[in-house]
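Asks: Structure file model_9.cif (mmCIF, C-alpha atoms) right here:
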```
data_final
loop_
_atom_site.label_atom_id
_atom_site.label_comp_id
_atom_site.auth_asym_id
_atom_site.auth_seq_id
_atom_site.Cartn_x
_atom_site.Cartn_y
_atom_site.Cartn_z
CA MET Y 4 128.02 43.07 -236.92
CA PRO Y 5 127.56 42.82 -233.15
CA HIS Y 6 124.49 44.53 -231.66
CA ILE Y 7 126.68 46.49 -229.21
CA ASN Y 8 130.15 48.05 -229.47
CA LEU Y 9 132.50 45.16 -228.63
CA PRO Y 10 136.33 45.07 -228.73
CA GLU Y 11 137.40 44.26 -232.30
CA GLY Y 12 139.44 41.23 -233.26
CA TYR Y 13 138.01 38.85 -230.68
CA PRO Y 14 135.50 36.21 -231.84
CA GLY Y 15 132.37 34.97 -230.07
CA ILE Y 16 132.33 34.93 -226.29
CA ARG Y 17 135.93 36.19 -226.15
CA SER Y 18 134.69 39.64 -227.20
CA LEU Y 19 132.05 39.49 -224.44
CA PHE Y 20 134.59 38.47 -221.81
CA MET Y 21 136.73 41.45 -222.81
CA TYR Y 22 133.67 43.73 -222.69
CA SER Y 23 132.39 42.52 -219.31
CA PRO Y 24 135.19 41.15 -217.08
CA ASP Y 25 132.93 41.21 -213.98
CA THR Y 26 130.77 38.45 -215.44
CA ALA Y 27 133.63 36.75 -217.34
CA LEU Y 28 135.18 35.56 -214.09
CA PRO Y 29 132.25 33.49 -212.71
CA LEU Y 30 131.33 32.28 -216.23
CA ASN Y 31 134.84 30.92 -216.77
CA ASN Y 32 134.94 29.45 -213.27
CA LEU Y 33 131.71 27.66 -214.16
CA VAL Y 34 132.99 26.06 -217.39
CA GLN Y 35 136.32 25.23 -215.78
CA THR Y 36 134.47 23.22 -213.10
CA LEU Y 37 131.76 21.84 -215.39
CA LEU Y 38 133.88 20.84 -218.39
CA HIS Y 39 137.59 20.76 -217.60
CA ASP Y 40 138.45 19.79 -214.01
CA PRO Y 41 138.99 16.01 -213.89
CA ALA Y 42 137.93 15.71 -210.23
CA THR Y 43 134.48 17.30 -210.46
CA SER Y 44 132.77 14.67 -212.66
CA THR Y 45 132.98 10.97 -213.51
CA LEU Y 46 132.25 11.95 -217.10
CA THR Y 47 135.55 12.58 -218.89
CA PRO Y 48 136.38 16.11 -220.11
CA GLY Y 49 135.92 14.74 -223.65
CA GLU Y 50 132.41 13.45 -222.85
CA ARG Y 51 131.49 16.74 -221.19
CA GLU Y 52 132.74 18.73 -224.18
CA LEU Y 53 130.63 16.51 -226.46
CA ILE Y 54 127.50 17.46 -224.46
CA ALA Y 55 128.45 21.14 -224.84
CA THR Y 56 129.06 20.63 -228.58
CA TYR Y 57 125.73 18.86 -229.11
CA THR Y 58 123.74 21.47 -227.16
CA SER Y 59 125.40 24.30 -229.10
CA SER Y 60 124.63 22.51 -232.36
CA LEU Y 61 120.95 22.10 -231.36
CA ASN Y 62 120.89 25.84 -230.60
CA ASP Y 63 122.53 26.55 -233.99
CA CYS Y 64 125.30 28.52 -232.26
CA THR Y 65 128.11 28.36 -234.84
CA TYR Y 66 130.83 29.83 -232.62
CA CYS Y 67 130.16 27.61 -229.56
CA ALA Y 68 129.50 24.43 -231.56
CA ASN Y 69 132.76 24.77 -233.53
CA THR Y 70 134.78 25.84 -230.49
CA HIS Y 71 133.63 23.06 -228.17
CA GLY Y 72 133.74 20.55 -231.04
CA ALA Y 73 137.41 21.44 -231.47
CA ILE Y 74 138.07 21.22 -227.71
CA ALA Y 75 136.28 17.83 -227.60
CA LYS Y 76 138.46 16.55 -230.45
CA TYR Y 77 141.64 17.45 -228.55
CA GLN Y 78 140.24 15.98 -225.31
CA LEU Y 79 139.49 12.77 -227.26
CA ASN Y 80 143.11 12.47 -228.47
CA GLY Y 81 142.36 13.83 -231.93
CA ASP Y 82 139.42 11.53 -232.73
CA ASP Y 83 136.69 13.71 -234.24
CA HIS Y 84 134.18 11.04 -235.31
CA ALA Y 85 131.80 11.69 -232.40
CA VAL Y 86 132.22 15.46 -232.82
CA LYS Y 87 131.17 15.26 -236.48
CA ASP Y 88 128.16 13.08 -235.58
CA LEU Y 89 127.00 15.52 -232.92
CA LEU Y 90 127.58 18.64 -235.01
CA ALA Y 91 125.25 16.92 -237.50
CA LYS Y 92 122.82 16.27 -234.57
CA ASN Y 93 122.97 12.50 -235.17
CA VAL Y 94 122.94 10.96 -231.69
CA ASP Y 95 121.54 7.52 -232.50
CA SER Y 96 124.34 6.68 -234.94
CA ALA Y 97 127.08 8.60 -233.10
CA LEU Y 98 130.32 6.88 -232.14
CA VAL Y 99 129.68 7.18 -228.40
CA SER Y 100 128.73 4.71 -225.66
CA GLU Y 101 125.11 3.70 -225.02
CA LYS Y 102 125.34 5.59 -221.72
CA MET Y 103 126.39 8.73 -223.59
CA LYS Y 104 123.53 8.27 -226.07
CA ALA Y 105 121.06 8.16 -223.18
CA LEU Y 106 122.64 11.27 -221.61
CA LEU Y 107 122.60 13.12 -224.94
CA HIS Y 108 118.91 12.21 -225.24
CA ILE Y 109 118.35 13.98 -221.89
CA ALA Y 110 120.41 16.92 -223.19
CA ALA Y 111 118.11 17.24 -226.23
CA LYS Y 112 115.11 17.44 -223.87
CA VAL Y 113 116.74 20.04 -221.60
CA GLN Y 114 117.62 22.12 -224.66
CA GLN Y 115 113.89 22.34 -225.44
CA GLY Y 116 112.98 23.06 -221.80
CA GLY Y 117 113.57 21.57 -218.36
CA LYS Y 118 110.07 20.15 -218.06
CA LYS Y 119 110.52 18.06 -221.22
CA VAL Y 120 112.69 15.54 -219.30
CA THR Y 121 110.62 12.46 -218.38
CA GLU Y 122 111.08 9.67 -215.83
CA GLN Y 123 111.55 7.34 -218.82
CA ASP Y 124 114.48 9.45 -220.07
CA ILE Y 125 116.09 9.18 -216.62
CA ALA Y 126 115.37 5.43 -216.35
CA ARG Y 127 117.02 4.79 -219.73
CA ALA Y 128 120.18 6.62 -218.60
CA ARG Y 129 120.26 4.65 -215.34
CA ASP Y 130 119.77 1.36 -217.26
CA GLU Y 131 122.86 2.25 -219.28
CA GLY Y 132 124.86 2.80 -216.10
CA ALA Y 133 124.59 6.58 -215.61
CA THR Y 134 124.87 7.75 -211.98
CA ASP Y 135 122.82 10.53 -210.37
CA LYS Y 136 125.86 12.81 -210.58
CA GLU Y 137 126.31 12.10 -214.30
CA ILE Y 138 122.63 12.89 -214.93
CA HIS Y 139 123.06 16.08 -212.87
CA ASP Y 140 126.17 17.10 -214.79
CA THR Y 141 124.49 16.45 -218.15
CA VAL Y 142 121.50 18.63 -217.23
CA LEU Y 143 123.69 21.48 -215.93
CA ILE Y 144 126.13 21.39 -218.89
CA THR Y 145 123.19 21.54 -221.30
CA ALA Y 146 121.49 24.30 -219.31
CA ALA Y 147 124.76 26.28 -219.17
CA PHE Y 148 125.17 26.09 -222.94
CA CYS Y 149 121.59 27.25 -223.41
CA MET Y 150 122.95 30.33 -221.59
CA PHE Y 151 126.28 30.66 -223.43
CA ASN Y 152 124.66 30.14 -226.86
CA ARG Y 153 122.07 32.86 -226.14
CA TYR Y 154 124.73 35.24 -224.81
CA VAL Y 155 126.91 34.77 -227.93
CA ASP Y 156 124.09 34.97 -230.51
CA GLY Y 157 121.80 37.38 -228.64
CA LEU Y 158 124.47 40.06 -229.04
CA ALA Y 159 125.37 38.91 -232.59
CA THR Y 160 129.07 38.34 -231.89
CA TRP Y 161 131.52 37.45 -234.64
CA ALA Y 162 131.76 33.76 -235.63
CA PRO Y 163 134.85 33.31 -237.85
CA ASP Y 164 134.53 31.21 -241.02
CA ASP Y 165 138.13 29.99 -240.76
CA ALA Y 166 138.29 26.46 -239.30
CA SER Y 167 141.88 27.03 -238.13
CA VAL Y 168 140.63 29.63 -235.62
CA TYR Y 169 138.45 27.04 -233.88
CA ASP Y 170 141.22 24.45 -234.04
CA ALA Y 171 143.63 26.84 -232.30
CA ILE Y 172 141.09 27.62 -229.57
CA GLY Y 173 140.35 23.90 -229.20
CA LYS Y 174 144.00 23.06 -228.73
CA GLN Y 175 144.52 25.89 -226.24
CA ARG Y 176 141.47 25.21 -224.07
CA ALA Y 177 141.92 21.41 -224.02
CA SER Y 178 145.44 21.95 -222.75
CA GLU Y 179 145.11 25.03 -220.51
CA GLY Y 180 141.49 24.93 -219.40
CA TYR Y 181 139.33 28.04 -219.24
CA MET Y 182 141.14 30.32 -216.80
CA THR Y 183 143.93 31.69 -219.02
CA LYS Y 184 144.16 34.68 -221.36
CA PRO Y 185 142.63 36.06 -223.50
CA PHE Y 186 139.46 35.06 -221.63
CA LEU Y 187 140.41 36.77 -218.40
CA VAL Y 188 142.13 40.06 -218.94
CA LYS Y 189 141.53 41.64 -215.53
CA MET H 26 109.73 13.97 -206.97
CA PRO H 27 113.21 15.02 -208.15
CA HIS H 28 114.82 12.93 -210.90
CA ILE H 29 117.94 12.38 -208.74
CA ASN H 30 118.48 11.89 -205.01
CA LEU H 31 118.67 15.46 -203.64
CA PRO H 32 118.91 16.63 -200.00
CA GLU H 33 115.38 16.76 -198.58
CA GLY H 34 113.76 19.91 -197.23
CA TYR H 35 115.41 22.35 -199.63
CA PRO H 36 113.29 23.75 -202.48
CA GLY H 37 114.32 24.44 -206.08
CA ILE H 38 117.89 25.42 -206.78
CA ARG H 39 118.75 25.34 -203.06
CA SER H 40 118.64 21.53 -203.18
CA LEU H 41 120.96 21.59 -206.22
CA PHE H 42 123.42 23.95 -204.52
CA MET H 43 123.55 21.55 -201.54
CA TYR H 44 124.02 18.59 -203.92
CA SER H 45 126.77 20.21 -206.03
CA PRO H 46 128.75 22.84 -204.09
CA ASP H 47 131.51 22.91 -206.77
CA THR H 48 129.11 24.45 -209.28
CA ALA H 49 127.08 26.38 -206.65
CA LEU H 50 129.98 28.75 -206.04
CA PRO H 51 130.40 30.15 -209.59
CA LEU H 52 126.62 30.12 -210.15
CA ASN H 53 126.06 32.26 -207.06
CA ASN H 54 128.97 34.53 -207.94
CA LEU H 55 127.29 35.02 -211.32
CA VAL H 56 123.87 36.05 -209.92
CA GLN H 57 125.50 38.18 -207.24
CA THR H 58 127.27 40.19 -209.98
CA LEU H 59 124.44 40.10 -212.50
CA LEU H 60 121.49 40.88 -210.22
CA HIS H 61 122.59 42.24 -206.85
CA ASP H 62 125.81 44.27 -206.89
CA PRO H 63 124.88 47.95 -207.36
CA ALA H 64 128.17 48.85 -209.07
CA THR H 65 128.07 46.32 -211.92
CA SER H 66 125.05 47.70 -213.83
CA THR H 67 123.20 50.95 -214.39
CA LEU H 68 119.99 48.93 -214.23
CA THR H 69 118.79 48.86 -210.63
CA PRO H 70 118.74 45.54 -208.74
CA GLY H 71 114.92 45.78 -208.90
CA GLU H 72 114.97 46.16 -212.69
CA ARG H 73 117.42 43.28 -213.05
CA GLU H 74 115.27 41.04 -210.83
CA LEU H 75 112.26 41.90 -213.02
CA ILE H 76 114.12 40.62 -216.09
CA ALA H 77 114.91 37.40 -214.20
CA THR H 78 111.28 37.11 -213.10
CA TYR H 79 109.94 37.65 -216.62
CA THR H 80 112.36 35.14 -218.20
CA SER H 81 111.48 32.53 -215.56
CA SER H 82 107.79 33.14 -216.19
CA LEU H 83 108.26 32.70 -219.96
CA ASN H 84 110.06 29.41 -219.22
CA ASP H 85 107.20 28.37 -216.88
CA CYS H 86 109.67 27.80 -214.05
CA THR H 87 107.47 28.11 -210.97
CA TYR H 88 110.26 28.11 -208.40
CA CYS H 89 112.46 30.72 -210.13
CA ALA H 90 109.58 32.98 -211.20
CA ASN H 91 108.12 33.11 -207.69
CA THR H 92 111.51 33.47 -206.01
CA HIS H 93 112.80 36.30 -208.21
CA GLY H 94 109.36 37.91 -208.24
CA ALA H 95 109.57 38.06 -204.44
CA ILE H 96 113.14 39.39 -204.52
CA ALA H 97 112.09 42.03 -207.10
CA LYS H 98 109.21 43.13 -204.84
CA TYR H 99 111.59 43.70 -201.92
CA GLN H 100 114.12 45.46 -204.19
CA LEU H 101 111.26 47.72 -205.37
CA ASN H 102 110.36 48.75 -201.81
CA GLY H 103 107.40 46.40 -201.57
CA ASP H 104 105.70 47.47 -204.81
CA ASP H 105 104.62 44.28 -206.58
CA HIS H 106 102.58 45.76 -209.46
CA ALA H 107 105.32 45.18 -212.07
CA VAL H 108 106.04 41.73 -210.66
CA LYS H 109 102.40 40.70 -211.06
CA ASP H 110 102.33 42.05 -214.63
CA LEU H 111 105.46 40.13 -215.60
CA LEU H 112 104.44 36.89 -213.87
CA ALA H 113 101.33 37.18 -216.10
CA LYS H 114 103.70 37.82 -219.08
CA ASN H 115 102.06 41.19 -219.80
CA VAL H 116 104.91 43.47 -220.81
CA ASP H 117 102.99 46.04 -222.87
CA SER H 118 100.69 47.01 -220.00
CA ALA H 119 103.29 46.50 -217.23
CA LEU H 120 104.00 49.26 -214.74
CA VAL H 121 107.58 49.75 -215.92
CA SER H 122 109.40 52.44 -217.92
CA GLU H 123 109.36 52.49 -221.73
CA LYS H 124 113.08 51.64 -221.61
CA MET H 125 112.32 48.57 -219.49
CA LYS H 126 109.55 47.54 -221.90
CA ALA H 127 112.03 47.65 -224.80
CA LEU H 128 114.59 45.64 -222.78
CA LEU H 129 111.94 43.08 -221.77
CA HIS H 130 111.02 42.78 -225.45
CA ILE H 131 114.67 41.83 -226.12
CA ALA H 132 114.50 39.37 -223.20
CA ALA H 133 111.48 37.66 -224.77
CA LYS H 134 113.47 37.20 -227.99
CA VAL H 135 116.54 35.84 -226.19
CA GLN H 136 114.34 33.39 -224.29
CA GLN H 137 113.29 31.92 -227.65
CA GLY H 138 116.87 31.91 -228.97
CA GLY H 139 119.79 34.31 -229.38
CA LYS H 140 119.30 34.69 -233.12
CA LYS H 141 115.75 35.97 -232.66
CA VAL H 142 117.04 39.39 -231.56
CA THR H 143 116.83 41.86 -234.47
CA GLU H 144 118.47 45.21 -235.18
CA GLN H 145 115.01 46.74 -234.80
CA ASP H 146 114.73 45.33 -231.27
CA ILE H 147 118.08 46.92 -230.40
CA ALA H 148 117.17 50.23 -232.09
CA ARG H 149 113.93 50.45 -230.08
CA ALA H 150 115.85 49.97 -226.81
CA ARG H 151 118.38 52.64 -227.79
CA ASP H 152 115.55 55.03 -228.76
CA GLU H 153 114.18 54.62 -225.23
CA GLY H 154 117.58 55.49 -223.74
CA ALA H 155 119.11 52.06 -223.13
CA THR H 156 122.93 51.96 -223.22
CA ASP H 157 125.08 49.20 -224.74
CA LYS H 158 125.84 47.92 -221.24
CA GLU H 159 122.14 47.78 -220.34
CA ILE H 160 121.40 45.82 -223.53
CA HIS H 161 124.32 43.50 -222.68
CA ASP H 162 123.10 43.00 -219.12
CA THR H 163 119.55 42.27 -220.31
CA VAL H 164 120.77 39.61 -222.77
CA LEU H 165 123.04 37.96 -220.19
CA ILE H 166 120.44 37.99 -217.38
CA THR H 167 117.90 36.40 -219.72
CA ALA H 168 120.43 33.85 -220.98
CA ALA H 169 121.45 33.02 -217.41
CA PHE H 170 117.84 32.36 -216.40
CA CYS H 171 117.40 30.13 -219.45
CA MET H 172 120.13 28.13 -217.69
CA PHE H 173 118.82 28.34 -214.12
CA ASN H 174 115.25 27.49 -215.19
CA ARG H 175 116.45 24.40 -217.10
CA TYR H 176 118.66 23.31 -214.19
CA VAL H 177 115.78 23.58 -211.70
CA ASP H 178 113.10 21.93 -213.88
CA GLY H 179 115.36 19.51 -215.79
CA LEU H 180 116.02 17.72 -212.51
CA ALA H 181 112.40 18.14 -211.32
CA THR H 182 113.25 19.93 -208.06
CA TRP H 183 110.61 20.77 -205.47
CA ALA H 184 108.63 24.00 -206.01
CA PRO H 185 106.68 24.76 -202.80
CA ASP H 186 103.01 25.80 -203.08
CA ASP H 187 103.26 28.03 -199.99
CA ALA H 188 103.64 31.71 -201.00
CA SER H 189 105.26 32.52 -197.64
CA VAL H 190 108.29 30.39 -198.58
CA TYR H 191 108.98 32.58 -201.62
CA ASP H 192 108.36 35.73 -199.61
CA ALA H 193 110.94 34.66 -197.03
CA ILE H 194 113.51 33.89 -199.72
CA GLY H 195 112.72 37.20 -201.42
CA LYS H 196 113.26 39.16 -198.22
CA GLN H 197 116.52 37.33 -197.46
CA ARG H 198 118.10 37.61 -200.92
CA ALA H 199 117.07 41.27 -201.45
CA SER H 200 118.77 42.11 -198.19
CA GLU H 201 121.77 39.74 -198.11
CA GLY H 202 122.47 39.05 -201.78
CA TYR H 203 123.30 35.59 -203.08
CA MET H 204 126.46 34.63 -201.21
CA THR H 205 125.01 33.63 -197.82
CA LYS H 206 123.69 30.33 -196.46
CA PRO H 207 121.89 28.09 -197.19
CA PHE H 208 123.05 28.55 -200.78
CA LEU H 209 126.72 28.05 -200.01
CA VAL H 210 127.33 25.39 -197.42
CA LYS H 211 130.96 24.54 -198.22
#
```
Spit out the file's structure as structure tokens when you get a sec.
Replies:
Amino acid sequence: MPHINLPEGYPGIRSLFMYSPDTALPLNNLVQTLLHDPATSTLTPGERELIATYTSSLNDCTYCANTHGAIAKYQLNGDDHAVKDLLAKNVDSALVSEKMKALLHIAAKVQQGGKKVTEQDIARARDEGATDKEIHDTVLITAAFCMFNRYVDGLATWAPDDASVYDAIGKQRASEGYMTKPFLVK
Amino acid sequence: MPHINLPEGYPGIRSLFMYSPDTALPLNNLVQTLLHDPATSTLTPGERELIATYTSSLNDCTYCANTHGAIAKYQLNGDDHAVKDLLAKNVDSALVSEKMKALLHIAAKVQQGGKKVTEQDIARARDEGATDKEIHDTVLITAAFCMFNRYVDGLATWAPDDASVYDAIGKQRASEGYMTKPFLVK
């Protein structure tokens, strides 16, 4: 049961967006830019959703990990091999590029704390072809999901058990992005 | 030295806002709503800045702790007793209300992870007069600073040693809010 009185029938962060539309708007603008818009990053939407999925899995946030795992699958044309690897927190054997492995290694450090990232972590990502902007985007996506995961679990929102709920959200968000209902009801 | 090539001469998150204006806009809209706008919370801007200061201190983020500590001081009419207590991570003896102590106790749990918050933590805050919305705002402010702190330190931005820099930022942000230059240069 949620720690505060949230609108019933909406899972996870959807219930919080209904409860607090003032903060829902900038939060959705943030994920739209960070994860969905093709022009704002040279990482693909699928790669960015994988970073969100992995961070949420490291934070044991069931709702966010399943939701962004489902969105990643749809952004990757239905291929869920990498999603399954990252939900299981297996980066080294994941079906992703060496550049993505290096970026996910940085994500795992940021999840623990910003100061955990070393010059060696950055050098490895550069050696695998990551640009400054891709390193920036990885750090900010991970940091943002350290926020979203805490928001969702800190208020004990509802995480459905039914996999079809996450699949439906995944399909919707991969197609529409983050600025459509029921996220923004204002 | 920062991990990526950031504009010189701008400390902390200011250098990141210059580097990535696409994400600077929603991030500043978020703090404007969460911390500064009087109408969006029944916690005062000073109380909200104290939660940001405490979270940043728990995350050992020098730039954010000093910046929001300075903003809190100006929002509290120059009284920096509570700021000093929270920079030293001393909640129990801090010069704040019992309601604020209970909310800061929730903040300390959220900083560790969303699932650390217990029903007892929530009950204590309610017993001290906290509303659902104040509990919500505390969780989201703390979660947001778990993001900002990781963004600032994960890219190893510059944290000035000079206390007058933080004082100047504190005076500016307490007065102008978060939507003015040099944060938003687009």
Asks: Could you check which of H:Ser200, H:Gln100, H:Thr65, H:Ser118 is closest to chain Y, using all atoms listed in the file?
Replies: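 Of H:Ser200, H:Gln100, H:Thr65, H:Ser118, the one nearest chain Y, counting all atoms listed in the file, is H:Thr65.
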Asks: For chain H, report every residue with an atom at most 8 Å from chain Y (counting only C-alpha atoms), formatted as a ChimeraX atom specification.
Replies: /H:28-30,47-48,51-52,54-55,58-59,65,84,135-136,138-142,144,147,157,160-161,164-165,168-181
Asks: Assuming the chain letters and numbering stay as they are in my file, what does the PyMOL selection byres ((chain Y and resi 80-87) around 10) actually select? List them as a ChimeraX atom specification.
Replies: /Y:49-50,52-54,56-57,68-69,71-79,88-94,96-99,174
Asks: Take atom CA of Y:Ala166 and atom CA of Y:Thr70 and report the distance between them in Å, one decimal.
Replies: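 These atoms are spaced 9.5 Å apart.
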Asks: Apply the PyMOL selection byres ((chain H and resi 38) around 9) to the displayed file and report the matching residues as a list in words.
Replies: Tyr35, Pro36, Gly37, Arg39, Ser40, Leu41, Phe42, Met43, Tyr88, Cys89, Phe173, Tyr176, Val177, Thr182, Trp183 and Phe208 of chain H
Asks: Find, counting all atoms listed in the file, the residue in H:Glu201, H:Ser66, H:Ala77, H:Leu83 that gets nearest to H:Ala155.
Replies: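 So, comparing all the options, the nearest one is H:Ser66.
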Asks: Could you check how far atom CA of H:Thr69 sits from atom CA of H:Asp117, in Å to one decimal?
Replies: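 These two atoms are separated by 20.2 Å.
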Asks: Would you mind reading off the distance between atom CA of Y:Gly180 and atom CA of Y:Pro24, one decimal, in Å?
Replies: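 For atom CA of Y:Gly180 relative to atom CA of Y:Pro24, the distance reads 17.6 Å.
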Asks: Rank Y:Ala128, Y:Ala111, Y:Ala177, Y:Met103 by their smallest atom-to-atom distance to Y:Asp40, using only C-alpha atoms, and report the top residue only.
Replies: Y:Ala177
Asks: Go ahead and find all residues with at least one atom no further than 12 Å from (109.8, 21.7, -194.4) in the file's coordinates, using all atoms listed in the file; report them as a ChimeraX atom specification.
Replies: /H:32-36,183-187,190
